[in-house]
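Pasted below: structure.txt, compact mmCIF, C-alpha atoms and all ligand atoms.
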```txt
# COMPACT_ATOMS: atom_id res chain seq x y z
CA MET A 1 37.84 -29.30 11.58
CA LYS A 2 37.02 -28.50 7.97
CA ASN A 3 34.86 -30.66 5.85
CA ASN A 4 34.48 -30.16 2.15
CA THR A 5 30.94 -31.36 1.88
CA ASN A 6 27.62 -29.47 1.81
CA ILE A 7 26.90 -30.39 5.42
CA ASN A 8 27.08 -27.55 7.94
CA VAL A 9 27.48 -29.79 10.94
CA GLU A 10 27.54 -27.02 13.57
CA GLU A 11 24.13 -25.83 12.40
CA ILE A 12 22.76 -29.35 12.11
CA ARG A 13 23.84 -30.24 15.65
CA LYS A 14 21.64 -27.43 16.98
CA ASP A 15 18.61 -29.34 15.67
CA PHE A 16 19.27 -32.25 18.08
CA PRO A 17 18.58 -31.37 21.74
CA ILE A 18 20.15 -34.60 23.03
CA LEU A 19 23.57 -33.71 21.62
CA LYS A 20 23.86 -31.02 24.30
CA ARG A 21 23.68 -33.44 27.20
CA LYS A 22 26.52 -34.80 29.27
CA VAL A 23 27.13 -38.44 30.11
CA ASN A 24 29.32 -39.24 33.09
CA GLY A 25 30.35 -35.61 33.15
CA GLN A 26 31.54 -35.65 29.53
CA ASN A 27 29.93 -34.33 26.35
CA LEU A 28 27.86 -37.11 24.85
CA ILE A 29 29.41 -38.69 21.76
CA TYR A 30 26.75 -40.80 20.14
CA PHE A 31 28.23 -43.53 17.91
CA ASP A 32 25.34 -45.98 18.08
CA ASN A 33 23.35 -44.67 15.15
CA ALA A 34 22.91 -48.11 13.57
CA ALA A 35 20.81 -49.11 16.60
CA THR A 36 18.71 -45.97 16.60
CA SER A 37 19.22 -42.43 15.34
CA GLN A 38 18.72 -39.29 17.40
CA THR A 39 15.65 -37.14 16.97
CA PRO A 40 15.65 -33.57 15.67
CA LYS A 41 13.53 -30.96 17.41
CA VAL A 42 11.07 -30.65 14.48
CA VAL A 43 10.17 -34.31 14.92
CA ILE A 44 9.80 -34.00 18.69
CA ASP A 45 7.70 -30.85 18.16
CA SER A 46 5.38 -32.63 15.77
CA ILE A 47 4.61 -35.26 18.43
CA VAL A 48 3.94 -32.56 21.02
CA SER A 49 1.79 -30.67 18.53
CA TYR A 50 -0.26 -33.76 17.74
CA TYR A 51 -1.11 -34.38 21.40
CA SER A 52 -1.57 -30.68 22.13
CA ASN A 53 -3.76 -29.84 19.15
CA TYR A 54 -5.44 -32.67 17.28
CA ASN A 55 -5.08 -35.97 19.14
CA SER A 56 -7.89 -38.08 17.72
CA ASN A 57 -8.52 -41.44 16.11
CA ILE A 58 -8.17 -41.53 12.34
CA HIS A 59 -10.51 -42.65 9.55
CA ARG A 60 -13.50 -43.04 11.87
CA GLY A 61 -14.76 -39.71 13.06
CA VAL A 62 -16.56 -37.03 11.08
CA HIS A 63 -15.40 -34.40 13.55
CA ALA A 64 -12.72 -31.82 12.83
CA LEU A 65 -9.93 -33.33 14.95
CA SER A 66 -10.34 -36.73 13.38
CA GLN A 67 -10.22 -35.19 9.92
CA GLU A 68 -7.04 -33.31 10.76
CA ALA A 69 -5.39 -36.40 12.21
CA THR A 70 -6.46 -38.49 9.21
CA ASP A 71 -5.14 -35.89 6.75
CA ALA A 72 -1.80 -35.72 8.53
CA TYR A 73 -1.54 -39.53 8.79
CA GLU A 74 -2.39 -40.07 5.12
CA GLY A 75 -0.15 -37.15 4.20
CA SER A 76 2.71 -39.04 5.77
CA ARG A 77 1.92 -42.04 3.58
CA VAL A 78 2.19 -39.87 0.48
CA LYS A 79 5.53 -38.49 1.70
CA PHE A 80 6.92 -42.02 1.94
CA GLN A 81 5.39 -42.96 -1.40
CA LYS A 82 7.24 -40.05 -3.02
CA HIS A 83 10.42 -40.66 -1.03
CA PHE A 84 10.61 -44.29 -2.15
CA ASN A 85 9.15 -43.56 -5.59
CA ALA A 86 6.35 -46.11 -5.19
CA LYS A 87 3.66 -46.10 -7.89
CA ASN A 88 0.75 -45.88 -5.44
CA SER A 89 0.39 -44.52 -1.92
CA PHE A 90 -1.53 -47.67 -0.88
CA GLU A 91 1.64 -49.66 -1.52
CA ILE A 92 3.04 -48.01 1.63
CA ILE A 93 1.92 -49.85 4.78
CA PHE A 94 2.65 -48.52 8.26
CA THR A 95 3.68 -51.14 10.81
CA SER A 96 5.42 -50.97 14.19
CA GLY A 97 8.88 -51.55 12.72
CA THR A 98 11.08 -53.65 10.48
CA THR A 99 10.53 -56.73 12.62
CA HIS A 100 6.75 -56.37 12.35
CA SER A 101 6.98 -55.80 8.57
CA ILE A 102 9.08 -58.91 8.00
CA ASN A 103 6.72 -60.99 10.10
CA LEU A 104 3.79 -59.59 8.12
CA VAL A 105 5.34 -60.69 4.83
CA ALA A 106 6.54 -64.06 6.17
CA ASN A 107 3.05 -64.76 7.51
CA GLY A 108 1.65 -63.86 4.11
CA PHE A 109 3.72 -66.57 2.46
CA LYS A 110 2.22 -69.30 4.67
CA LYS A 111 -0.55 -69.72 2.12
CA ILE A 112 1.79 -69.60 -0.84
CA LEU A 113 4.65 -71.92 0.16
CA LYS A 114 4.41 -75.67 -0.21
CA ARG A 115 6.50 -78.46 1.27
CA ASP A 116 10.00 -78.49 -0.27
CA ASP A 117 9.73 -74.97 -1.65
CA GLU A 118 12.83 -72.95 -0.91
CA ILE A 119 13.58 -69.63 0.75
CA ILE A 120 16.97 -67.99 0.34
CA VAL A 121 18.37 -65.74 3.07
CA SER A 122 21.91 -64.44 3.53
CA GLN A 123 24.44 -65.14 6.21
CA LEU A 124 24.45 -61.40 6.91
CA GLU A 125 20.93 -61.22 8.24
CA HIS A 126 19.71 -59.59 11.42
CA HIS A 127 17.92 -62.10 13.68
CA SER A 128 14.64 -60.40 12.84
CA ASN A 129 15.23 -61.49 9.26
CA ILE A 130 16.00 -65.11 10.13
CA VAL A 131 13.58 -66.20 12.84
CA PRO A 132 10.31 -65.36 11.00
CA TRP A 133 11.42 -67.54 8.05
CA GLN A 134 12.37 -70.38 10.33
CA MET A 135 8.91 -70.22 11.87
CA LEU A 136 7.42 -70.18 8.39
CA CYS A 137 9.46 -73.21 7.32
CA GLU A 138 8.42 -75.18 10.39
CA GLU A 139 4.80 -74.64 9.44
CA THR A 140 5.02 -75.16 5.70
CA GLY A 141 7.82 -77.68 5.28
CA ALA A 142 9.72 -75.23 3.07
CA LYS A 143 13.50 -75.09 3.40
CA ILE A 144 15.96 -72.29 4.07
CA LYS A 145 19.10 -71.91 1.96
CA VAL A 146 21.81 -69.49 3.02
CA ILE A 147 23.99 -67.27 0.79
CA PRO A 148 27.50 -67.48 2.28
CA ILE A 149 29.87 -64.54 2.80
CA ASP A 150 33.59 -64.24 2.19
CA HIS A 151 36.29 -63.06 4.62
CA ASN A 152 35.56 -59.42 3.74
CA GLY A 153 31.95 -59.85 4.82
CA GLU A 154 30.65 -59.63 1.24
CA LEU A 155 27.99 -61.96 -0.13
CA ILE A 156 29.33 -64.44 -2.65
CA PHE A 157 27.11 -63.75 -5.66
CA SER A 158 28.10 -66.89 -7.59
CA GLU A 159 26.97 -68.99 -4.60
CA PHE A 160 23.64 -67.17 -4.63
CA GLU A 161 23.21 -68.03 -8.31
CA LYS A 162 23.81 -71.69 -7.53
CA LEU A 163 21.11 -71.71 -4.84
CA LEU A 164 18.39 -70.43 -7.19
CA ASN A 165 16.12 -72.95 -8.87
CA ALA A 166 12.46 -73.54 -9.78
CA LYS A 167 11.63 -74.26 -6.12
CA THR A 168 12.90 -70.85 -4.93
CA LYS A 169 9.87 -68.80 -3.93
CA VAL A 170 11.30 -66.01 -1.80
CA VAL A 171 14.66 -64.28 -1.38
CA PHE A 172 15.34 -62.21 1.74
CA VAL A 173 18.46 -60.12 2.00
CA ASN A 174 19.34 -57.01 3.91
CA HIS A 175 20.40 -54.02 1.86
CA ILE A 176 23.18 -53.25 4.31
CA SER A 177 24.40 -55.43 7.15
CA ASN A 178 23.86 -53.76 10.52
CA ALA A 179 26.82 -55.64 11.96
CA LEU A 180 29.36 -54.84 9.22
CA GLY A 181 28.02 -51.93 7.18
CA VAL A 182 28.68 -53.70 3.88
CA ILE A 183 26.29 -52.73 1.05
CA ASN A 184 24.86 -55.73 -0.77
CA PRO A 185 24.33 -55.75 -4.57
CA ILE A 186 20.56 -55.81 -4.22
CA LYS A 187 19.73 -54.72 -7.76
CA LYS A 188 21.66 -57.71 -9.12
CA ILE A 189 20.05 -60.01 -6.56
CA ILE A 190 16.54 -58.80 -7.43
CA THR A 191 17.07 -59.15 -11.18
CA LYS A 192 18.51 -62.64 -10.82
CA ALA A 193 15.76 -63.82 -8.41
CA HIS A 194 13.08 -62.56 -10.80
CA GLU A 195 14.47 -64.80 -13.54
CA TYR A 196 13.17 -67.63 -11.33
CA ASN A 197 9.92 -65.81 -10.47
CA ALA A 198 10.95 -65.59 -6.82
CA ALA A 199 9.73 -62.65 -4.74
CA VAL A 200 12.39 -60.48 -3.11
CA LEU A 201 12.14 -58.75 0.26
CA ILE A 202 14.88 -56.30 1.14
CA ASP A 203 15.49 -55.28 4.74
CA GLY A 204 16.46 -51.65 4.29
CA ALA A 205 16.74 -50.67 7.96
CA GLN A 206 20.43 -49.80 7.57
CA ALA A 207 20.20 -48.30 4.08
CA THR A 208 17.40 -45.76 4.42
CA PRO A 209 19.35 -43.50 6.83
CA HIS A 210 22.18 -43.14 4.33
CA MET A 211 20.80 -43.19 0.80
CA LYS A 212 17.80 -42.52 -1.40
CA ILE A 213 15.86 -45.67 -2.26
CA ASP A 214 13.89 -46.01 -5.48
CA VAL A 215 11.67 -49.08 -5.23
CA SER A 216 10.43 -48.71 -8.81
CA GLU A 217 13.93 -48.60 -10.23
CA LEU A 218 14.96 -51.56 -8.06
CA ASP A 219 11.80 -53.43 -9.11
CA VAL A 220 11.80 -54.88 -5.57
CA ASP A 221 8.72 -56.76 -4.31
CA PHE A 222 8.96 -55.70 -0.65
CA TYR A 223 11.23 -53.13 0.98
CA VAL A 224 11.10 -52.47 4.74
CA THR A 225 12.58 -50.06 7.26
CA SER A 226 12.04 -48.59 10.74
CA THR A 227 11.69 -44.84 11.05
CA HIS A 228 13.57 -44.68 14.39
CA LYS A 229 16.70 -45.21 12.29
CA ILE A 230 15.90 -42.25 10.05
CA CYS A 231 15.45 -39.57 12.73
CA GLY A 232 11.85 -40.56 13.44
CA PRO A 233 10.30 -41.93 16.62
CA THR A 234 10.38 -45.57 17.76
CA GLY A 235 7.47 -47.84 16.97
CA VAL A 236 6.91 -47.04 13.29
CA GLY A 237 7.85 -49.23 10.36
CA VAL A 238 7.37 -48.59 6.68
CA LEU A 239 6.62 -51.54 4.47
CA TYR A 240 6.61 -51.00 0.72
CA GLY A 241 4.96 -53.84 -1.16
CA LYS A 242 4.13 -54.13 -4.85
CA GLU A 243 0.39 -53.90 -5.34
CA GLU A 244 0.13 -57.39 -6.86
CA TRP A 245 1.95 -58.96 -3.89
CA LEU A 246 0.01 -57.04 -1.27
CA ASN A 247 -3.18 -58.26 -2.93
CA LYS A 248 -1.88 -61.83 -3.01
CA ILE A 249 -0.91 -62.18 0.65
CA PRO A 250 -3.52 -62.33 3.44
CA PRO A 251 -3.69 -59.83 6.32
CA PHE A 252 -1.43 -60.41 9.31
CA LEU A 253 -3.59 -59.07 12.13
CA GLY A 254 -7.38 -59.11 12.29
CA GLY A 255 -9.33 -56.28 13.86
CA GLY A 256 -10.83 -52.89 13.29
CA GLU A 257 -10.01 -50.87 10.18
CA MET A 258 -8.85 -53.92 8.17
CA ILE A 259 -12.29 -55.22 7.31
CA ASP A 260 -14.87 -54.35 4.72
CA LYS A 261 -17.87 -56.34 6.05
CA VAL A 262 -18.10 -58.43 9.20
CA THR A 263 -20.60 -61.14 10.04
CA PHE A 264 -19.95 -64.13 12.31
CA GLU A 265 -19.87 -66.38 9.27
CA LYS A 266 -17.27 -64.48 7.33
CA SER A 267 -15.57 -61.12 7.09
CA THR A 268 -14.29 -59.57 3.92
CA TYR A 269 -11.12 -57.57 4.00
CA ALA A 270 -10.73 -53.91 3.30
CA GLY A 271 -8.65 -52.82 0.34
CA LEU A 272 -5.04 -51.61 0.51
CA PRO A 273 -3.55 -50.25 2.66
CA ASN A 274 -6.17 -50.76 5.41
CA LYS A 275 -6.08 -54.54 5.02
CA PHE A 276 -2.69 -54.49 6.75
CA GLU A 277 -3.34 -51.75 9.31
CA ALA A 278 -5.69 -53.35 11.83
CA GLY A 279 -6.48 -51.39 14.95
CA THR A 280 -5.45 -47.89 15.95
CA PRO A 281 -1.99 -47.26 14.53
CA ASN A 282 0.81 -45.17 16.03
CA ILE A 283 -0.78 -41.99 14.66
CA SER A 284 1.57 -39.41 16.17
CA GLY A 285 4.55 -41.63 15.31
CA VAL A 286 3.54 -41.97 11.67
CA ILE A 287 2.98 -38.22 11.35
CA ALA A 288 6.33 -37.50 13.05
CA SER A 289 8.02 -40.02 10.73
CA GLY A 290 6.77 -37.97 7.78
CA VAL A 291 8.35 -34.89 9.38
CA ALA A 292 11.59 -36.86 9.81
CA ILE A 293 11.71 -37.80 6.13
CA ASP A 294 11.11 -34.15 5.18
CA TYR A 295 13.95 -33.17 7.51
CA LEU A 296 16.35 -35.67 5.90
CA ASN A 297 15.35 -34.58 2.40
CA GLY A 298 15.86 -30.98 3.44
CA ILE A 299 19.51 -31.80 4.14
CA GLY A 300 19.65 -34.15 1.16
CA LEU A 301 20.55 -37.82 1.33
CA ASP A 302 23.32 -37.35 -1.22
CA ASN A 303 24.91 -34.73 1.03
CA ILE A 304 24.45 -36.99 4.05
CA ASN A 305 26.02 -39.91 2.22
CA GLU A 306 29.02 -37.90 1.12
CA TYR A 307 29.60 -36.44 4.58
CA GLU A 308 29.28 -39.80 6.33
CA LYS A 309 31.64 -41.42 3.84
CA ASP A 310 34.20 -38.79 4.79
CA LEU A 311 33.72 -39.70 8.49
CA LEU A 312 33.99 -43.39 7.63
CA ASP A 313 37.27 -42.98 5.74
CA TYR A 314 38.71 -40.77 8.47
CA ALA A 315 37.78 -43.14 11.30
CA THR A 316 38.90 -46.24 9.37
CA SER A 317 42.36 -44.82 8.74
CA LYS A 318 42.72 -43.69 12.38
CA LEU A 319 41.62 -47.08 13.68
CA LEU A 320 44.00 -48.98 11.43
CA GLU A 321 46.92 -47.14 13.05
CA ILE A 322 46.15 -49.05 16.26
CA LYS A 323 48.17 -52.24 16.77
CA ASP A 324 46.27 -55.56 16.57
CA LEU A 325 43.05 -53.83 15.59
CA LYS A 326 40.96 -55.80 13.10
CA ILE A 327 38.01 -54.39 11.20
CA TYR A 328 35.28 -56.84 10.13
CA GLY A 329 33.51 -56.01 6.90
CA VAL A 330 35.95 -54.62 4.37
CA SER A 331 34.38 -53.42 1.17
CA GLU A 332 34.47 -50.53 -1.26
CA GLU A 333 30.71 -50.40 -0.81
CA LYS A 334 30.17 -49.50 2.83
CA THR A 335 28.14 -47.14 4.97
CA ALA A 336 29.41 -45.45 8.11
CA VAL A 337 29.42 -48.55 10.32
CA ILE A 338 32.69 -49.97 11.63
CA SER A 339 32.86 -53.26 13.52
CA PHE A 340 36.19 -54.17 15.08
CA ASN A 341 38.14 -55.92 17.80
CA VAL A 342 41.51 -55.23 19.36
CA GLY A 343 43.67 -58.33 19.93
CA GLN A 344 42.05 -60.61 22.49
CA ILE A 345 40.39 -57.82 24.47
CA HIS A 346 36.71 -58.47 25.04
CA PRO A 347 34.59 -55.88 23.17
CA TYR A 348 32.38 -55.37 26.23
CA ASP A 349 35.36 -54.20 28.32
CA ILE A 350 36.29 -51.52 25.78
CA GLY A 351 32.63 -50.47 25.42
CA SER A 352 32.29 -50.02 29.19
CA ILE A 353 35.43 -47.91 29.52
CA VAL A 354 34.57 -45.56 26.65
CA ASP A 355 31.04 -45.23 28.06
CA LYS A 356 32.58 -43.85 31.26
CA LEU A 357 34.07 -41.19 28.98
CA GLY A 358 30.65 -40.30 27.54
CA ILE A 359 30.92 -42.28 24.30
CA ALA A 360 28.05 -44.53 23.22
CA THR A 361 29.19 -47.53 21.17
CA ARG A 362 27.60 -50.93 20.73
CA THR A 363 29.24 -54.19 21.73
CA GLY A 364 28.11 -57.75 21.19
CA HIS A 365 26.80 -59.81 18.30
CA HIS A 366 24.50 -57.03 16.98
CA CYS A 367 21.58 -59.47 16.52
CA ALA A 368 23.63 -61.22 13.85
CA GLN A 369 25.14 -64.30 15.46
CA PRO A 370 25.67 -66.18 12.16
CA ILE A 371 28.16 -63.46 11.12
CA MET A 372 30.02 -63.72 14.42
CA ASP A 373 30.10 -67.51 14.03
CA TYR A 374 31.63 -67.09 10.58
CA PHE A 375 34.45 -64.93 11.97
CA LYS A 376 34.66 -67.18 15.08
CA ILE A 377 34.31 -64.26 17.50
CA PRO A 378 31.82 -63.62 20.32
CA GLY A 379 31.13 -60.11 19.10
CA THR A 380 32.64 -56.80 18.09
CA ILE A 381 32.71 -53.17 19.08
CA ARG A 382 30.62 -51.27 16.60
CA ILE A 383 30.71 -47.55 16.00
CA SER A 384 28.21 -46.09 13.56
CA PHE A 385 28.00 -42.50 12.41
CA SER A 386 25.30 -40.10 11.40
CA PHE A 387 25.50 -36.73 9.66
CA TYR A 388 25.55 -34.94 13.04
CA ASN A 389 28.80 -36.65 14.09
CA THR A 390 32.16 -34.95 13.59
CA LYS A 391 35.84 -35.72 13.08
CA GLU A 392 36.54 -34.08 16.45
CA GLU A 393 34.34 -36.72 18.06
CA ILE A 394 36.26 -39.42 16.22
CA ASP A 395 39.54 -37.99 17.56
CA ILE A 396 38.17 -38.05 21.11
CA PHE A 397 37.00 -41.61 20.61
CA ILE A 398 40.40 -42.75 19.31
CA LYS A 399 42.05 -41.25 22.39
CA ALA A 400 39.56 -42.98 24.68
CA LEU A 401 40.07 -46.24 22.82
CA ASN A 402 43.83 -46.06 23.23
CA LYS A 403 43.35 -45.37 26.92
CA ALA A 404 41.07 -48.40 27.25
CA ILE A 405 43.53 -50.63 25.40
CA LEU A 406 46.31 -49.52 27.72
CA MET A 407 44.20 -50.31 30.77
CA LEU A 408 43.13 -53.71 29.48
CA SER A 409 46.36 -55.12 28.11
C1 LIG B 501 17.43 -52.38 13.31
C2 LIG B 501 17.34 -53.45 12.30
C3 LIG B 501 16.27 -54.35 12.29
C4 LIG B 501 15.19 -54.36 13.35
O1 LIG B 501 14.47 -53.19 13.37
P1 LIG B 501 13.35 -52.95 14.49
O2 LIG B 501 13.06 -51.51 14.42
O3 LIG B 501 13.99 -53.35 15.81
O4 LIG B 501 12.21 -53.83 14.16
C5 LIG B 501 16.22 -55.28 11.28
N1 LIG B 501 17.18 -55.34 10.34
C6 LIG B 501 18.23 -54.51 10.32
C7 LIG B 501 19.25 -54.61 9.24
C8 LIG B 501 18.35 -53.53 11.31
O5 LIG B 501 19.39 -52.69 11.29
```
Would you write out, as structure tokens, the structure that this file holds?
Ligand SMILES: *Cc1c(COP(=O)(O)O)cnc(C)c1O
Amino acid sequence: MKNNTNINVEEIRKDFPILKRKVNGQNLIYFDNAATSQTPKVVIDSIVSYYSNYNSNIHRGVHALSQEATDAYEGSRVKFQKHFNAKNSFEIIFTSGTTHSINLVANGFKKILKRDDEIIVSQLEHHSNIVPWQMLCEETGAKIKVIPIDHNGELIFSEFEKLLNAKTKVVFVNHISNALGVINPIKKIITKAHEYNAAVLIDGAQATPHMKIDVSELDVDFYVTSTHKICGPTGVGVLYGKEEWLNKIPPFLGGGEMIDKVTFEKSTYAGLPNKFEAGTPNISGVIASGVAIDYLNGIGLDNINEYEKDLLDYATSKLLEIKDLKIYGVSEEKTAVISFNVGQIHPYDIGSIVDKLGIATRTGHHCAQPIMDYFKIPGTIRISFSFYNTKEEIDIFIKALNKAILMLS
């Protein structure tokens, strides 16, 4: 089927070995990209190359392998600095993922928050963006306030404005909801929060696969993502933090690499970024993540965005032809994530039937129970696209879905 964008999807699909495999005798159709993206061969090759050619611990050795590994690891940091337009490379911290990054920042605020200070989160958050703050509040006596959503799944900005006051110290919002795909007005949120001197952390795990992020333009204090959602390997997170904030908050983990001087009386911390990278990091993963970001930039995030938007519009209109089908998260500002239910049919039953036909979808609450509570549903079926998906795959999915509905009603 023709597409009028700059994406040559047939060529791109050749980069992803997994797209050739069969599931239950059918060609795999992978519509679970919001949970994790597939991995192009260049990224897989870079991991193999690391272990085949220069596997070595970084920063410590004077020998050649260690130098090569260190150069590649630090080179990856510079790639992410440029990609996110951060002022300094040491403002990029490598962690094990979004969850780790959020916990790192939340832990850092333990020293800063006082009893009755306030933290604002949104009703759209992933559990990994709720639980760390709850733990923080239990320890500090600070309180959580929640920005409500409307029936379209959009944050109500006027309610956010009402929650802000002199006690607000931190605002945590995801850039894009993983359960609904709705894009939040983060620039407006950041600007408003800064009027009250509150720090803002944006969970960008769902945004970075689809769009270019400019942390300097956003003036955001912390921005986090996981590279397994942007064609990289699992186990690597990127945390951008403004220099002044990273200097203000204490380290999360103690250990090797994060210290300057150690005696049993007291240790002094290393400077940025080492202060936050205790122990041996996921070296091959960080290097491969740099290759992944090069790969995405080679295709161009604007091209990716345009192509995926086309898939989103196509799938949305096809789905809406189905009787009793309801889409959750209706907004002009959306990425290629569609959450829906059909009548009273349990999402799990549909997910299982389409899986038999080789189609990977996600069913359940998507780690975002507060959203499901708002809509009074146990969960949804979620399909999420990447730039290697096609309209043909959507057609096959719609057929499979209709078959499942027939069987279940
Ligand atoms: C995937 C995701 C997370 C969690 O990421 P991990 O890699 O599992 O730590 C957090 N927030 C959002 C919005 C996500 O999509």
* **Residue contacts of A:Leu311 (9 Å, all atoms listed in the file) excluding same-chain residues fewer than 2 positions away, as a PyMOL selection string** => chain A and resi 306-309+313-316+336+385-387+389-391+394
Around the point (33.1, -39.6, 20.3) in the file's coordinates, collect all residues with an atom within 10 Å, using only C-alpha atoms, and return them as a PDB file with C-alpha atoms, in the coordinates of the input.
```pdb
ATOM      1  CA  ASN A  27      29.930 -34.330  26.350  1.00  0.00           C
ATOM      2  CA  LEU A  28      27.860 -37.110  24.850  1.00  0.00           C
ATOM      3  CA  ILE A  29      29.410 -38.690  21.760  1.00  0.00           C
ATOM      4  CA  TYR A  30      26.750 -40.800  20.140  1.00  0.00           C
ATOM      5  CA  PHE A  31      28.230 -43.530  17.910  1.00  0.00           C
ATOM      6  CA  VAL A 354      34.570 -45.560  26.650  1.00  0.00           C
ATOM      7  CA  ASP A 355      31.040 -45.230  28.060  1.00  0.00           C
ATOM      8  CA  LEU A 357      34.070 -41.190  28.980  1.00  0.00           C
ATOM      9  CA  GLY A 358      30.650 -40.300  27.540  1.00  0.00           C
ATOM     10  CA  ILE A 359      30.920 -42.280  24.300  1.00  0.00           C
ATOM     11  CA  ALA A 360      28.050 -44.530  23.220  1.00  0.00           C
ATOM     12  CA  THR A 361      29.190 -47.530  21.170  1.00  0.00           C
ATOM     13  CA  ILE A 383      30.710 -47.550  16.000  1.00  0.00           C
ATOM     14  CA  PHE A 385      28.000 -42.500  12.410  1.00  0.00           C
ATOM     15  CA  ASN A 389      28.800 -36.650  14.090  1.00  0.00           C
ATOM     16  CA  THR A 390      32.160 -34.950  13.590  1.00  0.00           C
ATOM     17  CA  LYS A 391      35.840 -35.720  13.080  1.00  0.00           C
ATOM     18  CA  GLU A 392      36.540 -34.080  16.450  1.00  0.00           C
ATOM     19  CA  GLU A 393      34.340 -36.720  18.060  1.00  0.00           C
ATOM     20  CA  ILE A 394      36.260 -39.420  16.220  1.00  0.00           C
ATOM     21  CA  ASP A 395      39.540 -37.990  17.560  1.00  0.00           C
ATOM     22  CA  ILE A 396      38.170 -38.050  21.110  1.00  0.00           C
ATOM     23  CA  PHE A 397      37.000 -41.610  20.610  1.00  0.00           C
ATOM     24  CA  ILE A 398      40.400 -42.750  19.310  1.00  0.00           C
ATOM     25  CA  LYS A 399      42.050 -41.250  22.390  1.00  0.00           C
ATOM     26  CA  ALA A 400      39.560 -42.980  24.680  1.00  0.00           C
ATOM     27  CA  LEU A 401      40.070 -46.240  22.820  1.00  0.00           C
TER      28      LEU A 401
END
```
* Structure fact -> Between atom CA of A:Ser226 and atom CA of A:Ser96 lies a distance of 7.8 Å
* Asked: With only C-alpha atoms as the basis for distance, which of A:Ile304, A:Val238, A:Ile189, A:Ile93 is at the shortest distance from A:Ala278?
  -> A:Ile93
* **Exercise: A:Thr39 partners within 7 Å, all atoms listed in the file, chain neighbours under 4 positions left out, as number ranges by chain** => A: 16, 43-44, 231-232
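In this structure, atom CA of A:Ile283 sits 7.8 Å away from atom CA of A:Ile58.
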* Give the residues close to ligand LIG 501 (chain B), within 6 Å, counting only C-alpha atoms and all ligand atoms; write them as a list in words. => Ala35, Gly97, Thr98, Thr99, His126, Ser128, Asn174, Ser177, Asn178, Asp203, Ala205, Gln206 and Ser226 of chain A
Proximity check stretch 91-178 of chain A to stretch 81-87 of chain A, 12 Å, nearest pairs one decimal Å, only C-alpha atoms, as a Markdown table:
```
| residue | atom | partner | partner_atom | distance |
| --- | --- | --- | --- | --- |
| A:Glu91 | CA | A:Ala86 | CA | 6.9 |
| A:Ile92 | CA | A:Gln81 | CA | 6.3 |
| A:Ile93 | CA | A:Gln81 | CA | 9.9 |
| A:Phe94 | CA | A:Gln81 | CA | 11.5 |
```
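Distances from A:Met258, A:Ile213, A:Ile287, A:Asp219 to A:Ser49 were compared using all atoms listed in the file, and the smallest one belongs to A:Ile287.
Atom CA of A:Gly237 sits 17.3 Å away from atom CA of A:Asp214.
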